[in-house]
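Novice: Structure incoming, see below.
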Amino acid sequence: MSVVEHTSHGPAHGAGAPHRRNIFMRPGFVRGIWCFALFFVIGYYLVFGIRTLAGWDPHQDWNIIVLVGGLTLGPIGFLLGIGAFDYWLYWVSGRPTIPDDHANHGATKWQDYFKVNTDHKVIGVQYLATTFVFFTLGGLMAMLFRAELAQPGMQFMDTQTYNGLVSMHAALMIFVFIIPAFAGLANFAVPLMLGAPDMAFPRLNALSFWFLPIAGTMFLCSFLAPGGAFATGWTSYAPLASEQPIGQIFFNMGVQWAGASSILTALNFLVTIITMRAPGMTFWRMPLLVWANFTTSLLVVIATPFIAGSQFFVMFDRVMHTSFFVPEGGGYVLGYQHIFWFYSHPAVYIMILPGFGIISEIISVMSRKPIFGYRLMAMSLLGILVLGFSVWAHHMFVAGMADWLRVPMMISTLLIAVPTGVKVFSWLATLWEGRIHLNTPMLFALGFISMFLIGGLSGVYLASVPITIHASDTYFIVAHIHYVLFGGSVLTIFAGIYYWFPKMTGRMYNESLGKLHFWLTFVSFNLTFFPMHWVGLVGMPRRVADYSDRFADLNLIVSISSFALGASVVVFFYNIIVSWARGPIAESNPWRAMTLEWQVTSPPPIFNFDEIPQVVGGPYEYGVPGARHAILAGTPTPAEAAV
Amino acid sequence: MRRGAIVRIAGIGIVIAILVSLVAVLIQWLPTSASKQMDRIEFVYWFATVICIGIFALVMSVLIYSVWTFRSPPEDESDGPSIHGHTGLEIVWTVVPAILVIAIGVLSAVVLSQNGSAGTNPMTIKVFAQQFSWRFEYPDSDGLKSGQLVLPVDRNITFELESADVIHSFWIPEMGQKQDLVPGIDTSIVITPTRTGTFSLVCTELCGLGHSTMRSTVEVVSQSDFDAWVAAQKSGGGKEDSGAAVFSSAGCSSCHAFKPAGSTGAIGPSLDDVAAAAKKAGMDPAAYVKESIVDPNKVIASGFAPDVMPGNFGETLSPEEIDALVTYLTGAKQ
Amino acid sequence: MTAHAEAAVHGHDHHGPPIANKSSRIEAVVLGMFMFIGTEAMLFGSFFAAYFFVRVVNPDASTITPEKWAVWPPAPFEFPVFVAGINTCILVTSSFTMHWALQSIKRNNRRGLQAGLVLTILMGTAFLLTQFIEYAHVGFNTSDGAFASVFFGLTGLHGAHVLVGLILLTIAALRAFRGHYSPEHHHGVELPGIYWHFVDVMWIVVYVTVYLL
């Protein structure tokens, strides 16, 4: 399996290499496991001790012990054990450290992908692999509950299990698949596109990745908790969520870990984009993928703390008997929804803006044309960023909040269709008069435009308060969500993976299988989710384990189609895995693109560039003979190399 | 611009618009309206639909035309023309959608205001939601309590909504209007039914494991039939604490079928043959019924789930009310 | 051409990454710390939002009698405004000592750096201890209603940040005594200093909101 090239470091790396400690003491999974256990025990005694000293009964409160020991200190112990903090600990303890220490950088064998690795290209692949594991699990859960929904009545499971599967499906897909998958693609591509050797804070980058498997595992572990998995939906509204069995806090804390991962990554992106651009790369010469990740990172940094707050309050209500959302104590129940949605609405933009960036790259390259209206495209990203903070209460039109809030929220929600529309029209104009190459990334990009159009238009319906009063909490919402998140975000993730696959792996995927994957996905996706628009409008609520008989036929069609959709992913996995193992060797620039990542080898050298490139023009100057985006000193251009 | 491009795009666009319009019109997307408010919601819906069909047809026709006309064989290494933008076009496609969405917004705001007004000669009904059943109270009819929702047609009804525990949501699909019931906050919604018939009330906010069963039937009848029903509820029940009255006011009828009460609820087991169920449990019918009321999880009828029936009837009903219920359900003389 | 072949052509081998271009005047670590503080400010924002809902919105919406909220905090409870005021003075002073510490190392005054850091840590610790004692004597606990929830929430969140700040400062102080810092290299003092000033400013906001308004 071809991996990121590892060039020798010479004496700086080899001299003084430490004697390899035994498996329990050297950084790795084994040390991670026993450190987890140790810190859990510390947490147990901390809680037990403080409660005994303070005289609070019961002394052995398992809610708090699990929260502190299992969900907070334990994972910190795990991170310590795998070595995520090692460099900082050496540094603060005064041991001699080299700021440019390149141990743990780059990958030569598959085991390197399971370690704390500071190379952004390795981290990008780690993110993608991990998120797709959670995608698979979340998708299997969806197929399980679609099997239950295929017929009215309860056939295989009870309603509590059903509610748990639905909640887990969404939590996995949102927090540990879509958001971090984009972070992974961006991790790989953005430093290369900027002409930088790595991200601004490579060690922080590695740490933020490792929060992710912790978050996903935490969600999944709630299945093992007494009382079952959390079953209050991914939105987990108070007061229902404050009175649930202990599985609920696995959700509350898992969100915190996923949120922390997201925030630290976003900080890294922002600092990298602001301070590490190659000479000549002004903001107006950055590729749109970079613009997209810049605005996404701003969204993350500003909004994510609010979901952290909402989860803290629910946990406080549960564990410390506070009254944030308890009306008898003076709490305001709707406060949860306001605070939660203040993040969760920007979250949907976090889940689509990077996708917009990916599509801009692909459409431009595969049409051999500059992006039409580049500046307006960048500004529309900023417009979505700003407007995105003003629409959160459109998730609360029927919630019982102050009536006067609804019309302003409706207006801002309707207006956010404008910058989004600008992007769709710009992509169309980019296609116009282009030289269109209908390969797999392009098919996914075109599929995205059509499906996201439908999802966006159903969003225009939902912006209208009277329509939402009818359609809220029905399957119409489920249809809208999946058209924008699957037909939108997931199609762009597939597009991005196919597009950058040769750069990441040095091999080419199988084009026929890629096209097959696209068509299977496109057809089964529409069959699964389009009928939901109708079913919702005529009366089927969401999150129900059972439904009225008149919805039976369509639910059966939806369920069968969903199995086909699940099966289509197998084609993708097969293609990716087999091509990575023994696909044809890929050239540096199979797409003849102009952005910087394509001007280095596939895969790129360990530190990306021999010398930092000099940027001399925009990133999409197709159609202008001799136009260059950047000059790489000492490195022949593909044209020169071909001579 | 190529010759004939506009014509071809328009052609494709018209075909798409026609196809989508057929889908919009031939399939009944919205339930047949049963309220004035739903009539207005439908109007906004159709207004939005016309605009959305237009946008969809425009985008898809340009997309399809472009992909077809400008597709290149893989060997083609040429680039397209270096067109960076066109300010006029960019202004148009920023301003026109803004105008269209604002139009939807203005219409929606007007409808919202109309749908929220309590109207003339309003009537009030209180709705109580508790995991996982509905109860209703008619303050305009001397506080009549009922487990079943009966509404007079063509009256402006304000529903005052209260929740006993978690967030629930009140929705009758054919009537369009929906509102959450939130503990600690009073909410309300206005509905003016326009036709008689039987409808469903569904809870539309995840409220726990019984959420999908938290449904009730709604009867819309003429004003005179409504008055008759009110009168029958008050008198037919006899004393306020008679078993029939309690059966209705405590909400039993929303989940349980029982012929003497005329209820057809199917969320819980039918109560038409409690004697057989008692025998199966090896208990005397009166003892069995009493236990089933105050401790519903003790014996679960086959095909039904625990923790769905409210478990606090032992506290919310007085001992006299429970005894009256037992008498009523076991068929003993009142 | 692969990187290896390229290296052979040019006759050198790789010893590490090329130095990244600095595309902005601000240093990466300083920008990172400021953005991190922005995130933390938003976290405080969510707690202030909860306070807003409990104090301002709920009395309108609540079915609990509004008269109960006419006095804040509701009778018979009171907030220890004076003690917290003393705490405010302590924390503000500690920002001055922190600033003095940073200025000292910029002028190569190592003793000043060490003294400044130690004083800041002592004052920060005094703040925390005072707060613990205040919690013990305030007369209500977390389960006493929403006003208590937002009181402990905001002051507790702030206290947690003070603790983190003290840990950072302690590390800096230990390293200062070992002579790790110089006028050219003192990020390890500057960054915790920025964080500490944030903690101080945030306390003023918390104090005004919770105790005075």
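We label chains A, B, ... in the order they appear in the structure tokens, count residues from 1 in each chain, and number ligands from 1 in the order shown.
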Pull the helix (DSSP H, G or I) assignments for segment 146-221 of chain A out of DSSP run on the backbone, and list those residues as an MDAnalysis selection string.
Specialist: chainID A and resid 146:149 159:194 202:221
Novice: Excluding Pro260 of chain B and its own-chain neighbours fewer than 6 positions away, which residues fall within 12 Å of it when counting only C-alpha atoms? Please give them as an MDAnalysis selection string.
Specialist: chainID B and resid 236:237 243:245 247:248 253 270:273 328:331
Novice: List the neighbours of Gly233 of chain A out to 7 Å using only C-alpha atoms; skip same-chain residues closer than 3 positions along the sequence, and give me the result as a list in words.
Specialist: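 Near neighbours after the sequence-gap exclusion: Val166, Ser167 and Ser236 of chain A.
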Novice: Leaving out Trp591 of chain A and any residue of its chain fewer than 5 positions from it, which residues lie within 10 Å of it when counting only C-alpha atoms, given as a ChimeraX atom specification?
Specialist: /A:362,365-366,368,437,499-500,502,598
Novice: Please, which residues of chain A lie no more than 6 Å from chain B when the count uses only C-alpha atoms, and can they be set out as a PyMOL selection string?
Specialist: chain A and resi 159-160+239-240+327+368-369+372-373+398-400+414+418+432+434-437+464+466-467+469-470+473+534+537-539+541+544-546+622-623
Novice: Neighbours of Ala301 of chain B within 12 Å (only C-alpha atoms; same-chain residues fewer than 2 positions away dropped), as a JSON list (two decimals) with C-alpha atoms, in the first residue's frame?
Specialist:
[["chain", "number", "residue", "atom", "x", "y", "z"],
["B", 267, "ILE", "CA", -53.37, 2.62, 22.07],
["B", 268, "GLY", "CA", -54.02, 0.37, 25.08],
["B", 269, "PRO", "CA", -55.88, -2.95, 25.43],
["B", 270, "SER", "CA", -59.63, -2.99, 24.96],
["B", 271, "LEU", "CA", -61.54, -2.98, 28.22],
["B", 274, "VAL", "CA", -61.91, -7.31, 31.79],
["B", 276, "ALA", "CA", -61.35, -12.67, 31.00],
["B", 277, "ALA", "CA", -58.19, -10.66, 31.55],
["B", 278, "ALA", "CA", -58.67, -10.87, 35.32],
["B", 280, "LYS", "CA", -55.95, -14.92, 33.13],
["B", 281, "ALA", "CA", -54.14, -13.01, 35.83],
["B", 292, "SER", "CA", -54.29, -2.06, 36.61],
["B", 296, "PRO", "CA", -50.25, -0.34, 35.28],
["B", 297, "ASN", "CA", -46.83, -1.98, 34.90],
["B", 298, "LYS", "CA", -47.70, -4.90, 37.14],
["B", 299, "VAL", "CA", -49.43, -6.91, 34.43],
["B", 303, "GLY", "CA", -48.90, -7.04, 22.46],
["B", 304, "PHE", "CA", -48.55, -3.92, 24.62],
["B", 305, "ALA", "CA", -45.57, -2.24, 26.28],
["B", 306, "PRO", "CA", -44.86, -1.17, 29.85],
["B", 309, "MET", "CA", -49.90, 4.22, 30.56]]
Novice: Taking only C-alpha atoms into account, name the residue in C:Tyr135, C:Phe147, C:Phe140, C:Trp100 that is nearest to chain A.
Specialist: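 Residue with the minimum atom-to-atom distance to chain A: C:Phe147.
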Novice: Write out as an mmCIF file with N, CA and C atoms, in the first residue's frame the set of residues from segment 77-295 of chain B that DSSP, computed on the backbone, places in strand (DSSP E).
Specialist:
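Dumped to selection-v4.cif:
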data_model
loop_
_atom_site.group_PDB
_atom_site.id
_atom_site.type_symbol
_atom_site.label_atom_id
_atom_site.label_comp_id
_atom_site.auth_asym_id
_atom_site.auth_seq_id
_atom_site.Cartn_x
_atom_site.Cartn_y
_atom_site.Cartn_z
ATOM 1 N N MET B 123 -64.192 30.320 21.100
ATOM 2 C CA MET B 123 -64.478 29.308 22.097
ATOM 3 C C MET B 123 -63.135 28.837 22.632
ATOM 4 N N THR B 124 -63.063 28.416 23.887
ATOM 5 C CA THR B 124 -61.790 27.963 24.448
ATOM 6 C C THR B 124 -61.865 26.500 24.826
ATOM 7 N N ILE B 125 -60.825 25.767 24.528
ATOM 8 C CA ILE B 125 -60.713 24.385 25.013
ATOM 9 C C ILE B 125 -59.319 24.239 25.607
ATOM 10 N N LYS B 126 -59.245 23.656 26.781
ATOM 11 C CA LYS B 126 -57.925 23.421 27.390
ATOM 12 C C LYS B 126 -57.477 22.018 27.040
ATOM 13 N N VAL B 127 -56.198 21.897 26.716
ATOM 14 C CA VAL B 127 -55.627 20.600 26.371
ATOM 15 C C VAL B 127 -54.515 20.293 27.366
ATOM 16 N N PHE B 128 -54.563 19.109 27.941
ATOM 17 C CA PHE B 128 -53.519 18.685 28.867
ATOM 18 C C PHE B 128 -52.800 17.491 28.269
ATOM 19 N N ALA B 129 -51.500 17.587 28.170
ATOM 20 C CA ALA B 129 -50.716 16.462 27.669
ATOM 21 C C ALA B 129 -49.868 15.904 28.789
ATOM 22 N N GLN B 130 -49.868 14.595 28.860
ATOM 23 C CA GLN B 130 -49.044 13.929 29.859
ATOM 24 C C GLN B 130 -48.518 12.680 29.193
ATOM 25 N N SER B 133 -50.756 10.514 27.067
ATOM 26 C CA SER B 133 -52.171 10.631 26.718
ATOM 27 C C SER B 133 -52.602 12.084 26.722
ATOM 28 N N TRP B 134 -53.739 12.309 26.123
ATOM 29 C CA TRP B 134 -54.324 13.641 26.027
ATOM 30 C C TRP B 134 -55.598 13.720 26.853
ATOM 31 N N ARG B 135 -55.803 14.880 27.486
ATOM 32 C CA ARG B 135 -57.093 15.131 28.159
ATOM 33 C C ARG B 135 -57.551 16.529 27.799
ATOM 34 N N PHE B 136 -58.843 16.717 27.808
ATOM 35 C CA PHE B 136 -59.389 18.000 27.374
ATOM 36 C C PHE B 136 -60.375 18.529 28.387
ATOM 37 N N GLU B 137 -60.498 19.837 28.404
ATOM 38 C CA GLU B 137 -61.439 20.471 29.331
ATOM 39 C C GLU B 137 -62.132 21.589 28.588
ATOM 40 N N TYR B 138 -63.434 21.724 28.833
ATOM 41 C CA TYR B 138 -64.232 22.739 28.142
ATOM 42 C C TYR B 138 -64.670 23.799 29.130
ATOM 43 N N LEU B 144 -66.378 21.029 31.695
ATOM 44 C CA LEU B 144 -66.549 19.622 31.336
ATOM 45 C C LEU B 144 -65.206 18.990 30.984
ATOM 46 N N LYS B 145 -64.919 17.824 31.570
ATOM 47 C CA LYS B 145 -63.661 17.147 31.273
ATOM 48 C C LYS B 145 -63.924 15.973 30.342
ATOM 49 N N SER B 146 -63.010 15.735 29.434
ATOM 50 C CA SER B 146 -63.222 14.642 28.485
ATOM 51 C C SER B 146 -61.902 14.051 28.047
ATOM 52 N N LEU B 149 -61.698 14.487 22.105
ATOM 53 C CA LEU B 149 -61.850 15.849 21.631
ATOM 54 C C LEU B 149 -63.001 15.908 20.632
ATOM 55 N N VAL B 150 -64.025 16.668 20.989
ATOM 56 C CA VAL B 150 -65.157 16.872 20.091
ATOM 57 C C VAL B 150 -65.242 18.372 19.834
ATOM 58 N N LEU B 151 -65.353 18.757 18.561
ATOM 59 C CA LEU B 151 -65.327 20.174 18.208
ATOM 60 C C LEU B 151 -66.545 20.541 17.374
ATOM 61 N N PRO B 152 -67.096 21.705 17.609
ATOM 62 C CA PRO B 152 -68.185 22.173 16.742
ATOM 63 C C PRO B 152 -67.605 22.809 15.487
ATOM 64 N N ILE B 157 -61.878 28.325 17.545
ATOM 65 C CA ILE B 157 -61.541 27.685 18.811
ATOM 66 C C ILE B 157 -60.106 28.028 19.181
ATOM 67 N N THR B 158 -59.924 28.533 20.395
ATOM 68 C CA THR B 158 -58.575 28.751 20.925
ATOM 69 C C THR B 158 -58.248 27.599 21.854
ATOM 70 N N PHE B 159 -57.201 26.863 21.523
ATOM 71 C CA PHE B 159 -56.763 25.764 22.385
ATOM 72 C C PHE B 159 -55.698 26.298 23.327
ATOM 73 N N GLU B 160 -55.922 26.149 24.625
ATOM 74 C CA GLU B 160 -54.900 26.517 25.603
ATOM 75 C C GLU B 160 -54.192 25.251 26.029
ATOM 76 N N LEU B 161 -52.878 25.265 25.862
ATOM 77 C CA LEU B 161 -52.117 24.021 25.945
ATOM 78 C C LEU B 161 -51.236 23.987 27.185
ATOM 79 N N GLU B 162 -51.295 22.864 27.917
ATOM 80 C CA GLU B 162 -50.437 22.707 29.089
ATOM 81 C C GLU B 162 -49.844 21.322 29.096
ATOM 82 N N SER B 163 -48.607 21.234 29.566
ATOM 83 C CA SER B 163 -47.968 19.921 29.683
ATOM 84 C C SER B 163 -47.670 19.624 31.134
ATOM 85 N N HIS B 168 -44.512 18.226 24.649
ATOM 86 C CA HIS B 168 -45.294 17.479 23.659
ATOM 87 C C HIS B 168 -45.681 18.457 22.561
ATOM 88 N N SER B 169 -46.382 17.979 21.531
ATOM 89 C CA SER B 169 -46.830 18.909 20.496
ATOM 90 C C SER B 169 -48.188 18.495 19.974
ATOM 91 N N PHE B 170 -49.057 19.477 19.788
ATOM 92 C CA PHE B 170 -50.455 19.255 19.421
ATOM 93 C C PHE B 170 -50.608 19.483 17.936
ATOM 94 N N TRP B 171 -51.041 18.459 17.189
ATOM 95 C CA TRP B 171 -51.192 18.631 15.747
ATOM 96 C C TRP B 171 -52.322 17.777 15.221
ATOM 97 N N LYS B 178 -50.156 23.711 14.456
ATOM 98 C CA LYS B 178 -49.392 22.873 15.370
ATOM 99 C C LYS B 178 -48.788 23.767 16.443
ATOM 100 N N GLN B 179 -48.725 23.271 17.678
ATOM 101 C CA GLN B 179 -48.096 24.058 18.738
ATOM 102 C C GLN B 179 -47.569 23.115 19.800
ATOM 103 N N ASP B 180 -46.368 23.432 20.294
ATOM 104 C CA ASP B 180 -45.787 22.604 21.359
ATOM 105 C C ASP B 180 -46.459 22.902 22.696
ATOM 106 N N LEU B 181 -46.495 21.889 23.557
ATOM 107 C CA LEU B 181 -46.931 22.093 24.935
ATOM 108 C C LEU B 181 -45.667 22.011 25.790
ATOM 109 N N THR B 187 -48.998 27.925 26.269
ATOM 110 C CA THR B 187 -49.032 28.189 24.831
ATOM 111 C C THR B 187 -50.456 28.010 24.342
ATOM 112 N N SER B 188 -50.727 28.525 23.144
ATOM 113 C CA SER B 188 -52.080 28.383 22.612
ATOM 114 C C SER B 188 -52.038 28.382 21.096
ATOM 115 N N ILE B 189 -53.108 27.886 20.486
ATOM 116 C CA ILE B 189 -53.205 27.860 19.022
ATOM 117 C C ILE B 189 -54.683 28.007 18.662
ATOM 118 N N VAL B 190 -54.938 28.607 17.501
ATOM 119 C CA VAL B 190 -56.326 28.857 17.087
ATOM 120 C C VAL B 190 -56.671 27.970 15.903
ATOM 121 N N ILE B 191 -57.797 27.296 15.962
ATOM 122 C CA ILE B 191 -58.244 26.485 14.822
ATOM 123 C C ILE B 191 -59.728 26.762 14.590
ATOM 124 N N GLY B 197 -66.310 15.525 10.510
ATOM 125 C CA GLY B 197 -65.633 14.267 10.207
ATOM 126 C C GLY B 197 -64.801 13.804 11.381
ATOM 127 N N THR B 198 -64.066 12.722 11.163
ATOM 128 C CA THR B 198 -63.185 12.180 12.200
ATOM 129 C C THR B 198 -61.746 12.401 11.776
ATOM 130 N N PHE B 199 -60.943 12.932 12.682
ATOM 131 C CA PHE B 199 -59.548 13.251 12.367
ATOM 132 C C PHE B 199 -58.650 12.685 13.447
ATOM 133 N N SER B 200 -57.350 12.796 13.222
ATOM 134 C CA SER B 200 -56.390 12.311 14.216
ATOM 135 C C SER B 200 -55.679 13.471 14.873
ATOM 136 N N LEU B 201 -55.460 13.341 16.173
ATOM 137 C CA LEU B 201 -54.574 14.259 16.884
ATOM 138 C C LEU B 201 -53.311 13.459 17.156
ATOM 139 N N VAL B 202 -52.151 13.964 16.699
ATOM 140 C CA VAL B 202 -50.904 13.237 16.941
ATOM 141 C C VAL B 202 -49.947 14.120 17.728
ATOM 142 N N CYS B 203 -49.185 13.510 18.607
ATOM 143 C CA CYS B 203 -48.124 14.238 19.294
ATOM 144 C C CYS B 203 -46.938 14.331 18.350
ATOM 145 N N ARG B 215 -51.603 9.276 20.439
ATOM 146 C CA ARG B 215 -52.544 9.771 19.447
ATOM 147 C C ARG B 215 -53.946 9.740 20.023
ATOM 148 N N SER B 216 -54.809 10.551 19.412
ATOM 149 C CA SER B 216 -56.196 10.569 19.870
ATOM 150 C C SER B 216 -57.075 10.889 18.673
ATOM 151 N N THR B 217 -58.357 10.571 18.748
ATOM 152 C CA THR B 217 -59.239 10.925 17.640
ATOM 153 C C THR B 217 -59.953 12.232 17.952
ATOM 154 N N VAL B 218 -60.278 12.946 16.894
ATOM 155 C CA VAL B 218 -60.965 14.226 17.005
ATOM 156 C C VAL B 218 -62.247 14.132 16.190
ATOM 157 N N GLU B 219 -63.364 14.466 16.819
ATOM 158 C CA GLU B 219 -64.629 14.459 16.091
ATOM 159 C C GLU B 219 -65.072 15.893 15.866
ATOM 160 N N VAL B 220 -65.318 16.260 14.608
ATOM 161 C CA VAL B 220 -65.887 17.577 14.349
ATOM 162 C C VAL B 220 -67.348 17.364 13.957
ATOM 163 N N VAL B 221 -68.224 18.024 14.683
ATOM 164 C CA VAL B 221 -69.662 17.823 14.467
ATOM 165 C C VAL B 221 -70.343 19.190 14.342
ATOM 166 N N ALA B 257 -60.572 1.164 24.193
ATOM 167 C CA ALA B 257 -61.919 0.946 23.668
ATOM 168 C C ALA B 257 -62.798 0.396 24.783
ATOM 169 N N PHE B 258 -64.004 0.906 24.882
ATOM 170 C CA PHE B 258 -64.963 0.404 25.883
ATOM 171 C C PHE B 258 -66.348 0.740 25.382
ATOM 172 N N SER B 263 -66.080 4.532 23.309
ATOM 173 C CA SER B 263 -64.723 4.943 22.931
ATOM 174 C C SER B 263 -64.074 3.848 22.097
ATOM 175 N N THR B 264 -63.181 4.249 21.218
ATOM 176 C CA THR B 264 -62.570 3.293 20.290
ATOM 177 C C THR B 264 -61.042 3.377 20.314
#
Novice: Tell me, in Å to one decimal, how far atom CA of Pro76 of chain C is from atom CA of Phe48 of chain C.
Specialist: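 Calculated distance between atom CA of Pro76 of chain C and atom CA of Phe48 of chain C is 23.6 Å.
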Novice: C:Thr170, C:Gln131, C:Thr125, C:Thr88: which is nearest chain A, counting only C-alpha atoms?
Specialist: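 The shortest atom-to-atom distance to chain A comes from C:Thr170.
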Novice: Quick one: which residues from chain A are at most 8 Å off chain C, using only C-alpha atoms, as a PyMOL selection string?
Specialist: chain A and resi 7-10+12+92+94+100+102+196-197+200+267-268+271-272+274-279+301-303+305-306+308-310+320-324+326-332+335+339+601+605+607-612+635+641
Novice: May I have the residues within 8 Å of Met377 of chain A as a ChimeraX atom specification, using only C-alpha atoms and disregarding those fewer than 4 positions away in the same chain?
Specialist: /A:288,373,381,422-423,426
Novice: Might you pull out every residue within 8 Å of Leu298 of chain A, with only C-alpha atoms counted and same-chain residues fewer than 4 positions away left off, and present them as a list in words?
Specialist: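 So, after excluding close chain neighbours, the residues are Ala266, Leu270, Phe294, Ile302 and Leu385 of chain A.
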Novice: So how many Å separate atom CA of Asn22 of chain A and atom CA of Phe85 of chain A, to one decimal?
Specialist: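 Between atom CA of Asn22 of chain A and atom CA of Phe85 of chain A the gap works out to 19.1 Å.
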Novice: Which is closest to Gly195 of chain A among A:Pro245, A:Pro625, A:Ile273, A:Tyr547, if we use only C-alpha atoms?
Specialist: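 Of all the options, A:Ile273 lies closest to Gly195 of chain A.
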